[in-house]
Amino acid sequence: MKATIFDIERNSYVDGPGIRTTVFFKGCNLRCAWCHNPESQSGFSQMLFYKDKCTGCGKCKEKCPNNLESCELCGRCALYCPHDAREICGREYTVDEVMREILKDQSYYETSGGGVTFSGGECMLQIDFLEEILKECKSHGIHTAVDTAGHVPFEYFEKIIPYTDLFLYDVKSLDNEKHKEYTGATNELILANLEMLLKSGKAVWVRIPIIPNVNDTEEEMKKIKSFLCSYGYPPKVELLPYHAMGEHKYAALGKKAHAFSVPGKEKISRLRKLFE
Amino acid sequence: MTERIRMLTELTLRGEMYVKPVKTEFDRADLFLPREQMESKRLCEYILNQEPKLTPHSLMTGFFNFDGSVVGDAFRRGGHKATQEAFKLFYLKPIDNLSTMEWQHATADYTKVLNKGIRGIIYDIEESLTCHNEPEQVEFLLALKRVANALIEWAHKCSERALTLSLTTQNEEYRNNLKKLSEALLRVPENAPETFYEAVLCIYVCFSADPDSVGTLDRYLYPFYKKDIGNGTLTKDEAAEYLQELFLMLQAATPISTDRFTRGGESHFCIGGYLPSGEDGFNELSRLIVESMIELPTYIPQLTLRWTKKTPREVFRFMLDCERKDPHKRIAFQNDEKRIKCYTEICDIPFEKAVSYTTVGCNEPAFLGAITGSNSKINFLRSMETVFHKKSKLIENNASFDDFFDIFKKELFSDLKRAYEYDNFYNKQRAQDINYISSLVFNDCIENAKSLTQGGGNTAIASPTCLGITNVIDSLCVVKQFVFDEKLFTMNELIAALKSDWQGYEDMRTLILKKGKFFGNDDDTSNYVAQKLYRELYDFLKDKTNLYGYHWLIGDLVGYNIHHKWFGEHTKATPDGRFSGDMLKFGIGQSEGRDREGLSALLNSIAKLDPSGIGCGSTVTNITLDEQLIKNDDNFEKTVDLLLTYFQNGGVHFQLTYVSKEDLICAQKTPDDYKHLRVRVSGFSDYFVKLNDAIQDDIIARTTQSR
Ligand code: SF4
Ligand code: SF4
C-alpha cells in the first residue's frame, strides 16, 4: 500500500505535544484561499519552478529527456539545476518507508511526550494507508495525532479513532457563506463531524487560522467558542495567525496567491484571550 | 551582588585588577650554580619580589603573574626556553600540512593544598627525597621545596600588605575585611584551611602556580561549604561573594590588552558529574557556583555541566535556563556516561580517578591534578587528498567500497602515526624544560621526582585534535553512494574531477552537493560510513599511548586559531565537493548546511557515531539554533527534552549558539551594530565581530536549525 507524501518533517514543535515527526500527505478536498501549502492541494506529484532562483543557465533543458517540452516528472532537471530552482514535490511511500523515518526519533518522543502527526493536505483522503500506518505506530507505542480539516465522511473517523490519540481539527468559520466562498466547501459536514468527535470524548485540539477580513473578529471567535462549549468540555484551542510564507510556492506552481494582510500581534493576543 | 563585588567587577573589567609583574634583578653569579638550583633560586627571588593586588574592597589577594624572566608556570610557559623555541618553529606553522603544535591545558589538584596545606606538600617532598637518590631527582625535589617555602613566605608578605592597607582604610567593614584577610594569610595556604573562606583563599593564591582551570570546584569546596553552613558561620550570600571574588580574579588574570580577555577558553571548569561513589555530584554548591558566576558580567571563567544518567531533569533544565539567560555564553554541556566509559575502558583509568576530570581551555579534558597530555592539531583530510591525487592508481579498479576504504585507511593511519610521532616530538622539546611551581600542585610529580613537563604525572590522556573529520566522512559517503551503490559516476571520473579541481565536472559536483548522503542527516549510508570510520579508529588506537604512557584519543576542536584554514589552503579538492584550498570543517556538530533533516537527525547521527568513545578527547559539538527554539518558553521545554534525549542516546558534548543566519550576515556587514553579539566558536565563546573572517564565515555556514 502506498500514499503520496510531500514531506516528512522531523523535530517538529508545532503539531501537537512534545517533539514530533509530521508526515504531510498530498491532496486536499478544500481550497482555502489562505493555504500556505498550495503544493499539498493536488493529490499527485508536481513540478515546482522557482523563477527568481533561475539564472537561465539551460542545464535543465540539457538534461531533460523531452527538451522541457513535456514533463514526465523524471526529476533530472531538478537534480542538475545548480540553483535549486526546480523541485519535484511529492512521491509515493510505502508504510515501511514512512515507519523507518518515524522510528528514528522514537527516543525523542519518549522523553518529550511527543509522537507522530499525520497532516497534509488532507491525510484522511488516503484513509486506508492512514489507518494502516496509525496501527503500525500504535504497535510501537508511539503517540499519534491526525491533523484534519474534517471534510470527509464520519466513517473515516470511526476507522481511525481507535489508533489515534489526538485530533488536530481545523475550524475556519461558522459562517457558511464565507466558508464556501473561501474554502470551496460548506462547513456542515465539518461541524457535524467535529460535534461527533467531541461527543465521543476523544482528545481534540481545535486549530483556527486567523485570516484578516475573513474570520478575525471577536464575534466569530465567540461563535466558535460557544459551539465548542456546547459539547461538554472546552478542548485546547490554538489560533494560527495567517502568514505569507507560502506565497513563493504559489508562484512556483504557476498559481496566483490570494493577497491577505498579516494580522497584528495585538489582535491575535486579544483573540487568544477569548479562549483562555 | 554586593556593592563590594560591584566595585571589584568594575575594576576588573577596566583591566585594573591585573597583577602586574614586578621586574626582578638577579645576581649573575648564580649562573654558576647547577641548573635546578639557579632556576629555583631565581624563581623564589622573583616570587618574593612581587606585590599583591590589594584594593580597599579586597577580601582576597595573593595571585601573581610571571614575566618570562624566570621559569614560571607550565600553562603560560614563561621562561620555558625549549618550549618557546619549539613554539617558534611549530606553533601556527603546519609541518607537512599535517600537524601543528598547540599549547597544553591542565588543572592543578587543589585538594592537595586544601587537605594538607603547603606544609603538607613539603612533607611529601621530604618523604620523596628519602626514596630518590639520582642527583637530578634530588636537585629537582630540593628546588620544589625551595619554591614551596617561597610560596608560604609570599603569603606572609601578602598578609603584611593587607594589614598595612587596613590601617588606612576608613570604612569599618572594609577595614575588618582586610584584617580578616591578613590573619587568614598567616594560616593558609601554609596550613590546611578550616573554613570555606580560607579554602577559597587557598585557591586564589595557588592559582598562580597554574593559572588555567580551577578544576572540580563544586566537589572539593563542598565539605567546607557544608560544614560552615551547618554550624552557622557562613551564609549562602557570603559564600556567593567569596566565589565571585575568586571568579573575578580568574578574569583579571588575563591581561585586558589581549583578545583572550573576552574569550571564555582561558579558564574553564566543570560542575556536577559522577562522584567516586557512583552518585551524581551536582549539589547545592554547584547551583550557587553557576548563579554567582552568571551574575557577574564577565567572560571568564566558563563552566560545563557534567551530565549523568542520574542528573535530574530539573538540574539539566536549570543549567540550560542559565545558559539562555547568560549574555556572555559561558555554559556548555558534557556527557559523563560517554566520557567515563572511555576513560575507564579505553584508557584503563580507575573509575575514582576518571570521575575527577574537568574540561579545561576550550574543551580539553584533564583529570584533577593532571595535564591534557597532547594537543597538537592534525589535518585528517590529508590522507583523502593523498589517495585521490597521489595514489589514484591504487583505487582505480577497486571492486567494492570496502576495498577503497582499506586503501584509504592505510593512508589515514600512516598519517596519524606520523602526526602522533610529531606530537611526541613536541613533548620531548617541552621535556627539556623543568617546571618547579606547577609541578608542586600537580599529582605524582613529587612522588616521581619528575617535572610536569617531563611526564611527571602518572595519569592523563593525550588528545591531539583532528580537523576535517566531517570532510572525510562526507568524502567516504560520496564514494560509497555515487561510485559503488548508485553507480552514477565511476571512480575514474571522480579522480579526474578532483585532479581538475572540478573544472569540467560542475554537473558532478552539483549532483554530489544536492543528492549526497552527508553526515548529519541520520540516513543509513552516512551513519554506516561514519560508524565504520570510528570503529576502525578505535581498533587502531585502543592500545596506543604517547611517550608518557597517556592514552591517545581523538578530538576535533579547533581552538583559538584557524588551523582548519591553513590546512585547507594546501589540501587539494576532495570528493565531498570541496574545492582545492577550501578550509576544513572542524567539530562534528556542524555540517555547514549539509544537514537537511532537522536537528534531531543531526543529533542522532552524532550520538550514534562512536559507541566506543574513542572520540572522547577534546571534542566539541556546536549547535546553532534558531533563537525561537530557546527564547520562547514552550519551545524551550521541548528543546530541553531534545538535548536531554541526545545525551541519553550517547552524544558527548554540546554548546549552543542561537541567532538567525540573517543576523550573522548583517553583523559581518555592519559590525558596529552588532558589537554585543556573542557566539560559541569552538569550545569557547567570543564576540562575533571580533573573530577573523574565516571563522565568521564558518559560523554563518553552520546550519541554523529552526526545527
Ligand atoms: S537549470 Fe535551473 S537555473 Fe538553469 S535554467 Fe534550468 S531552472 Fe534555471
Ligand atoms: S522532470 Fe524530467 S521530464 Fe520533467 S522537465 Fe524535468 S527533466 Fe524534463
# chains A, B, ... in the order shown; residues from 1 in each chain; ligands from 1

call {"tool": "residues_near_ligand", "arguments": {"ligand": "ligand 1", "cutoff": "6 Å", "atoms": "only C-alpha atoms and all ligand atoms", "output": "list in words"}}
result
Cys54, Thr55, Gly56, Cys57, Gly58, Lys59, Cys60, Cys81, Pro82, His83, Ala85 and Arg86 of chain A

call {"tool": "write_last_selection", "arguments": {"atoms": "C-alpha atoms", "output": "short mmCIF file (atom, residue, chain, number, x, y, z; two decimals), in the first residue's frame"}}
result
data_model
loop_
_atom_site.label_atom_id
_atom_site.label_comp_id
_atom_site.auth_asym_id
_atom_site.auth_seq_id
_atom_site.Cartn_x
_atom_site.Cartn_y
_atom_site.Cartn_z
CA CYS A 54 16.64 30.54 -12.10
CA THR A 55 19.61 32.07 -13.87
CA GLY A 56 18.61 30.71 -17.26
CA CYS A 57 21.74 28.58 -17.46
CA GLY A 58 19.95 25.96 -19.53
CA LYS A 59 21.21 22.98 -17.56
CA CYS A 60 17.66 21.68 -17.10
CA CYS A 81 19.81 22.55 -11.61
CA PRO A 82 22.72 24.23 -9.84
CA HIS A 83 20.49 26.84 -8.23
CA ALA A 85 15.19 26.45 -9.00
CA ARG A 86 13.34 23.21 -9.70
#

call {"tool": "interface_residues", "arguments": {"of": "chain B", "to": "chain A", "cutoff": "10 Å", "atoms": "only C-alpha atoms", "output": "ChimeraX atom specification"}}
result
/B:506-515,522-523,597-601,604,629,634-646,648-649,706-707

call {"tool": "residues_near_ligand", "arguments": {"ligand": "ligand 2", "cutoff": "7 Å", "atoms": "only C-alpha atoms and all ligand atoms", "output": "list of chain:residue names"}}
result
A:Met47, A:Cys60, A:Lys63, A:Cys64, A:Pro65, A:Asn66, A:Asn67, A:Leu68, A:Ser70, A:Cys71, A:Glu72, A:Leu73, A:Cys74, A:Gly75, A:Arg76, A:Cys77, A:Ala78

call {"tool": "residues_around", "arguments": {"residues": "Cys202 (chain B)", "least_positions_apart": "2", "cutoff": "10 Å", "atoms": "only C-alpha atoms", "output": "NGL selection string"}}
result
:B and (60-62 or 110 or 113-114 or 117-118 or 155 or 184-185 or 187-193 or 196-200 or 204-207)

call {"tool": "write_last_selection", "arguments": {"atoms": "C-alpha atoms", "output": "short mmCIF file (atom, residue, chain, number, x, y, z; two decimals), in the first residue's frame"}}
result
data_model
loop_
_atom_site.label_atom_id
_atom_site.label_comp_id
_atom_site.auth_asym_id
_atom_site.auth_seq_id
_atom_site.Cartn_x
_atom_site.Cartn_y
_atom_site.Cartn_z
CA MET B 60 41.29 38.13 48.88
CA THR B 61 44.70 38.55 47.38
CA GLY B 62 47.86 36.62 46.63
CA TYR B 110 43.61 21.79 44.69
CA VAL B 113 46.63 22.12 49.37
CA LEU B 114 43.13 22.02 50.87
CA GLY B 117 48.44 22.90 53.10
CA ILE B 118 51.81 23.71 51.56
CA ALA B 155 51.50 34.59 51.60
CA ALA B 184 43.95 34.23 57.18
CA LEU B 185 47.06 34.57 55.03
CA ARG B 187 47.46 30.43 58.28
CA VAL B 188 46.80 29.49 54.65
CA PRO B 189 47.87 28.20 52.22
CA GLU B 190 50.70 27.22 54.56
CA ASN B 191 48.30 25.08 56.57
CA ALA B 192 45.15 23.29 55.54
CA PRO B 193 42.19 25.69 55.56
CA PHE B 196 35.07 27.94 53.35
CA TYR B 197 36.59 31.38 53.17
CA GLU B 198 40.08 30.07 53.81
CA ALA B 199 39.60 27.32 51.28
CA VAL B 200 38.63 29.78 48.55
CA TYR B 204 43.10 32.21 44.96
CA VAL B 205 46.75 32.17 45.99
CA CYS B 206 47.69 28.82 44.49
CA PHE B 207 46.12 29.62 41.14
#

call {"tool": "select_by_dssp", "arguments": {"residues": "region 114-149 of chain A", "states": "alpha helix (DSSP H)", "output": "number ranges by chain"}}
result
A: 127-139

call {"tool": "write_last_selection", "arguments": {"atoms": "C-alpha atoms", "output": "short mmCIF file (atom, residue, chain, number, x, y, z; two decimals), in the first residue's frame"}}
result
data_model
loop_
_atom_site.label_atom_id
_atom_site.label_comp_id
_atom_site.auth_asym_id
_atom_site.auth_seq_id
_atom_site.Cartn_x
_atom_site.Cartn_y
_atom_site.Cartn_z
CA ILE A 127 -7.65 6.71 4.68
CA ASP A 128 -6.58 3.10 4.13
CA PHE A 129 -2.92 3.96 4.25
CA LEU A 130 -3.57 6.22 7.22
CA GLU A 131 -5.35 3.50 9.12
CA GLU A 132 -2.55 1.08 8.39
CA ILE A 133 0.23 3.36 9.50
CA LEU A 134 -1.62 4.51 12.61
CA LYS A 135 -1.96 0.87 13.63
CA GLU A 136 1.71 0.37 12.99
CA CYS A 137 2.61 3.39 15.15
CA LYS A 138 0.43 2.18 17.98
CA SER A 139 2.07 -1.24 17.84
#

call {"tool": "closest_atom_pairs", "arguments": {"of": "region 18-43 of chain A", "to": "region 214-222 of chain A", "cutoff": "12 Å", "atoms": "only C-alpha atoms", "output": "CSV"}}
result
residue,atom,partner,partner_atom,distance
A:Cys32,CA,A:Val214,CA,11.3
A:Ala33,CA,A:Val214,CA,10.3
A:Trp34,CA,A:Val214,CA,10.1

call {"tool": "select_by_dssp", "arguments": {"residues": "region 1-248 of chain B", "states": "strand (DSSP E or B)", "output": "count of residues only"}}
result
8

call {"tool": "residues_around", "arguments": {"residues": "region 174-183 of chain A", "least_positions_apart": "2", "cutoff": "7 Å", "atoms": "only C-alpha atoms", "output": "PyMOL selection string"}}
result
chain A and resi 30-33+185-187+224

call {"tool": "atom_distance", "arguments": {"atom1": "CA of Gly369 (chain B)", "atom2": "CA of His80 (chain B)"}}
result
20.0 Å

call {"tool": "atom_distance", "arguments": {"atom1": "CA of Phe64 (chain B)", "atom2": "CA of Lys428 (chain B)"}}
result
28.5 Å
